[in-house]
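For reference, the structure is listed below as structure tokens.
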Amino acid sequence: GAAVASEIDAIPGMTTPVRLAGWDRYATAAAVAEATFARQGALGVPAAMLARGDDFADALALAPIGWASTNPILLTRPTALPGPTANLLDERAVHGVVIAGGEAAVSTDVEEEVDRVIGGGGDPTTRLSGVNRYETAAVIADWSTESPWLDWSFVGLATGENFPDALGGGAGAAKKGGVLLLTR
């Protein structure tokens, strides 16, 4: 709320908070992604990551590579690509999307819709999945270490049963150049 924003603003040396919001979690994720793309400027052709918005594990597993690569994490419904997500992918001419989770998390219909929206040849989407959230997080971590930003020198470990620890831990792992794994 406004009171929390005022308290943050009152901290010496803190910049004024900027509120990024939408009418639901999908529109909010698109607003955050738009701010990320705007901040990137001319750094290159934009890419994004996509995870289901009604559960947290796959999006959290993407957090380190999203932070390190400055590619935003967008949210989708498991069986339908929300308008704000589709619009952002189209308007920002996103060239590639990494999808987190299996077909139960993000259906092939959503994957095909993303492919149609971003167009282009080749394989514009990459799906990273395992048999459950823990294996999916490991697949994402392994894939992330192929990037120039992250490696196995630091591994964050958080519960896959709830989101708060992994929420902060994902960015913390990325800051250390590492990845995040989930456990029971």
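Each chain in the structure tokens gets a letter, A, B and so on, in the order shown; residues start at 1 in every chain, and ligands are counted from 1 in the order they appear.
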Within 10 Å of Val4 (chain A), counting only C-alpha atoms, which residues qualify if same-chain residues fewer than 5 places away don't, as an mmCIF file with C-alpha atoms, in the first residue's frame?
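Heads up, here's the output in around.cif:
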```
data_model
loop_
_atom_site.group_PDB
_atom_site.id
_atom_site.type_symbol
_atom_site.label_atom_id
_atom_site.label_comp_id
_atom_site.auth_asym_id
_atom_site.auth_seq_id
_atom_site.Cartn_x
_atom_site.Cartn_y
_atom_site.Cartn_z
ATOM 1 C CA ASP A 9 10.796 6.567 0.474
ATOM 2 C CA ALA A 10 11.657 7.902 3.954
ATOM 3 C CA PRO A 17 9.704 3.580 -5.103
#
```
* Leu181 (chain A) environment, 7 Å, only C-alpha atoms, sequence neighbours closer than 6 positions dropped, as number ranges by chain -> A: 61, 137-138, 156-158
Could you pull the residues within 7 Å of Asp54 (chain A), counting only C-alpha atoms, minus those fewer than 2 positions along the same chain, as a list of chain:residue names?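 The contact residues come out as A:Arg52, A:Phe56, A:Arg77.
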Could the residues in this selection be saved with N, CA, C and O atoms as a PDB file, in the first residue's frame?
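This went into out_11.pdb:
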```
ATOM      1  N   ARG A  52       4.047 -20.705 -15.718  1.00  0.00           N
ATOM      2  CA  ARG A  52       2.635 -20.638 -15.314  1.00  0.00           C
ATOM      3  C   ARG A  52       2.478 -19.661 -14.171  1.00  0.00           C
ATOM      4  O   ARG A  52       3.331 -19.561 -13.285  1.00  0.00           O
ATOM      5  N   PHE A  56       4.078 -21.288  -8.352  1.00  0.00           N
ATOM      6  CA  PHE A  56       5.280 -20.464  -8.221  1.00  0.00           C
ATOM      7  C   PHE A  56       6.590 -21.137  -8.591  1.00  0.00           C
ATOM      8  O   PHE A  56       7.558 -20.480  -8.943  1.00  0.00           O
ATOM      9  N   ARG A  77      -1.390 -18.549 -18.192  1.00  0.00           N
ATOM     10  CA  ARG A  77      -2.273 -19.583 -17.670  1.00  0.00           C
ATOM     11  C   ARG A  77      -1.817 -20.900 -18.300  1.00  0.00           C
ATOM     12  O   ARG A  77      -1.259 -20.906 -19.395  1.00  0.00           O
TER      13      ARG A  77
END
```
### Message
Report as a list in words all protein, DNA and RNA residues lying within 10 Å of Ala63 (chain A), evaluated on only C-alpha atoms, omitting residues in the same chain fewer than 6 positions from it.
### Response
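Here the answer would be Met49, Ser69, Thr70, Asn71, Pro72, Ile73, Ile140, Ala166, Leu167, Gly168, Gly169, Gly170, Ala171, Gly172, Ala173, Ala174, Val179 and Leu180 of chain A.
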Store the residues of this selection in a file with N, CA and C atoms, as a PDB file, in the first residue's frame.
```
ATOM      1  N   MET A  49      11.224 -15.146 -20.676  1.00  0.00           N
ATOM      2  CA  MET A  49      10.961 -16.458 -20.113  1.00  0.00           C
ATOM      3  C   MET A  49       9.497 -16.517 -19.724  1.00  0.00           C
ATOM      4  N   SER A  69      20.569 -12.449 -16.863  1.00  0.00           N
ATOM      5  CA  SER A  69      20.497 -12.107 -18.287  1.00  0.00           C
ATOM      6  C   SER A  69      19.661 -10.855 -18.543  1.00  0.00           C
ATOM      7  N   THR A  70      19.009 -10.341 -17.518  1.00  0.00           N
ATOM      8  CA  THR A  70      18.048  -9.230 -17.589  1.00  0.00           C
ATOM      9  C   THR A  70      16.895  -9.523 -18.536  1.00  0.00           C
ATOM     10  N   ASN A  71      16.564 -10.799 -18.699  1.00  0.00           N
ATOM     11  CA  ASN A  71      15.386 -11.175 -19.471  1.00  0.00           C
ATOM     12  C   ASN A  71      14.229 -11.391 -18.509  1.00  0.00           C
ATOM     13  N   PRO A  72      13.097 -10.740 -18.756  1.00  0.00           N
ATOM     14  CA  PRO A  72      11.986 -10.828 -17.813  1.00  0.00           C
ATOM     15  C   PRO A  72      11.283 -12.173 -17.829  1.00  0.00           C
ATOM     16  N   ILE A  73      10.613 -12.452 -16.726  1.00  0.00           N
ATOM     17  CA  ILE A  73       9.802 -13.656 -16.593  1.00  0.00           C
ATOM     18  C   ILE A  73       8.346 -13.242 -16.730  1.00  0.00           C
ATOM     19  N   ILE A 140      16.459 -26.422 -15.429  1.00  0.00           N
ATOM     20  CA  ILE A 140      16.653 -24.988 -15.644  1.00  0.00           C
ATOM     21  C   ILE A 140      18.044 -24.564 -15.176  1.00  0.00           C
ATOM     22  N   ALA A 166      12.709 -18.905  -1.849  1.00  0.00           N
ATOM     23  CA  ALA A 166      13.239 -18.930  -3.210  1.00  0.00           C
ATOM     24  C   ALA A 166      13.081 -17.586  -3.907  1.00  0.00           C
ATOM     25  N   LEU A 167      12.098 -16.805  -3.503  1.00  0.00           N
ATOM     26  CA  LEU A 167      11.889 -15.497  -4.125  1.00  0.00           C
ATOM     27  C   LEU A 167      13.106 -14.604  -3.939  1.00  0.00           C
ATOM     28  N   GLY A 168      13.580 -14.494  -2.710  1.00  0.00           N
ATOM     29  CA  GLY A 168      14.791 -13.725  -2.460  1.00  0.00           C
ATOM     30  C   GLY A 168      16.042 -14.496  -2.816  1.00  0.00           C
ATOM     31  N   GLY A 169      16.006 -15.811  -2.605  1.00  0.00           N
ATOM     32  CA  GLY A 169      17.172 -16.643  -2.849  1.00  0.00           C
ATOM     33  C   GLY A 169      17.560 -16.741  -4.311  1.00  0.00           C
ATOM     34  N   GLY A 170      16.600 -16.645  -5.216  1.00  0.00           N
ATOM     35  CA  GLY A 170      16.908 -16.724  -6.642  1.00  0.00           C
ATOM     36  C   GLY A 170      17.772 -15.563  -7.097  1.00  0.00           C
ATOM     37  N   ALA A 171      17.400 -14.357  -6.692  1.00  0.00           N
ATOM     38  CA  ALA A 171      18.212 -13.183  -7.039  1.00  0.00           C
ATOM     39  C   ALA A 171      19.559 -13.244  -6.328  1.00  0.00           C
ATOM     40  N   GLY A 172      19.555 -13.716  -5.086  1.00  0.00           N
ATOM     41  CA  GLY A 172      20.805 -13.838  -4.339  1.00  0.00           C
ATOM     42  C   GLY A 172      21.762 -14.831  -4.981  1.00  0.00           C
ATOM     43  N   ALA A 173      21.219 -15.951  -5.453  1.00  0.00           N
ATOM     44  CA  ALA A 173      22.057 -16.937  -6.136  1.00  0.00           C
ATOM     45  C   ALA A 173      22.636 -16.346  -7.415  1.00  0.00           C
ATOM     46  N   ALA A 174      21.816 -15.614  -8.153  1.00  0.00           N
ATOM     47  CA  ALA A 174      22.290 -14.994  -9.393  1.00  0.00           C
ATOM     48  C   ALA A 174      23.370 -13.963  -9.120  1.00  0.00           C
ATOM     49  N   VAL A 179      23.094 -20.753  -9.398  1.00  0.00           N
ATOM     50  CA  VAL A 179      21.762 -21.216  -9.755  1.00  0.00           C
ATOM     51  C   VAL A 179      20.947 -21.545  -8.503  1.00  0.00           C
ATOM     52  N   LEU A 180      19.683 -21.865  -8.693  1.00  0.00           N
ATOM     53  CA  LEU A 180      18.782 -22.197  -7.599  1.00  0.00           C
ATOM     54  C   LEU A 180      18.179 -23.572  -7.833  1.00  0.00           C
TER      55      LEU A 180
END
```
For Asp109 (chain A), find every residue with an atom within 9 Å (counting only C-alpha atoms), except residues of its own chain fewer than 3 positions away, and show them as an MDAnalysis selection string.
chainID A and resid 79:81 106 112:114
request  = Step one, run DSSP on the backbone; step two, keep only residues of region 55-104 of chain A assigned to strand (DSSP E or B); then write them as a count of residues only.
outcome  = 9
Q. Quick one: of A:Ala33, A:Val131, A:Ala68, A:Ala48, who's nearest to His95 (chain A), counting only C-alpha atoms?
A.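 The closest residue to His95 (chain A) is A:Ala48.
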Output as a PyMOL selection string all residues of chain A that backbone DSSP marks as alpha helix (DSSP H). chain A and resi 2-9+25-40+57-69+83-91+108-118+133-144+164-175
Check your understanding: Arg133 (chain A): which residues within 12 Å, counting only C-alpha atoms, same-chain residues fewer than 4 positions away excluded, as a list in words?
Key -> Ala51, Arg52, Asp55, Phe56, Ala57, Asp58, Ala59, Leu60, Ala61, Leu62, Ala100, Gly101, Gly102, Ala104, Ala105, Leu128, Ser129, Ala137, Ala138, Val139, Ile140, Thr159, Gly160, Glu161, Asn162, Leu181, Leu182, Thr183 and Arg184 of chain A
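Every protein or nucleic acid residue with an atom no more than 10 Å from Gly22 (chain A), counting only C-alpha atoms and leaving out same-chain residues fewer than 6 positions away, appears here: Thr28, Ala29, Ala30, Ala31, Val32 and Pro84 of chain A.
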Keeping N, CA, C and O atoms, export the residues of the selection given above as a short mmCIF file (atom, residue, chain, number, x, y, z; two decimals), in the first residue's frame.
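What landed in part.cif:
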```cif
data_model
loop_
_atom_site.label_atom_id
_atom_site.label_comp_id
_atom_site.auth_asym_id
_atom_site.auth_seq_id
_atom_site.Cartn_x
_atom_site.Cartn_y
_atom_site.Cartn_z
N THR A 28 0.55 -7.54 -14.40
CA THR A 28 1.66 -7.01 -13.59
C THR A 28 2.99 -7.54 -14.11
O THR A 28 3.96 -6.79 -14.24
N ALA A 29 3.06 -8.84 -14.41
CA ALA A 29 4.30 -9.40 -14.96
C ALA A 29 4.65 -8.71 -16.28
O ALA A 29 5.83 -8.43 -16.55
N ALA A 30 3.65 -8.41 -17.10
CA ALA A 30 3.90 -7.71 -18.37
C ALA A 30 4.40 -6.29 -18.10
O ALA A 30 5.29 -5.80 -18.81
N ALA A 31 3.87 -5.62 -17.08
CA ALA A 31 4.33 -4.27 -16.73
C ALA A 31 5.79 -4.30 -16.27
O ALA A 31 6.59 -3.43 -16.62
N VAL A 32 6.14 -5.29 -15.47
CA VAL A 32 7.53 -5.44 -15.02
C VAL A 32 8.44 -5.72 -16.22
O VAL A 32 9.52 -5.15 -16.36
N PRO A 84 -2.24 -9.60 -21.92
CA PRO A 84 -1.08 -8.75 -21.64
C PRO A 84 0.25 -9.40 -21.99
O PRO A 84 1.17 -8.74 -22.46
#
```
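The residue that comes closest to Thr85 (chain A), out of A:Gly177, A:Gly53, A:Gly130, A:Gly66 and on the basis of only C-alpha atoms, is A:Gly53.
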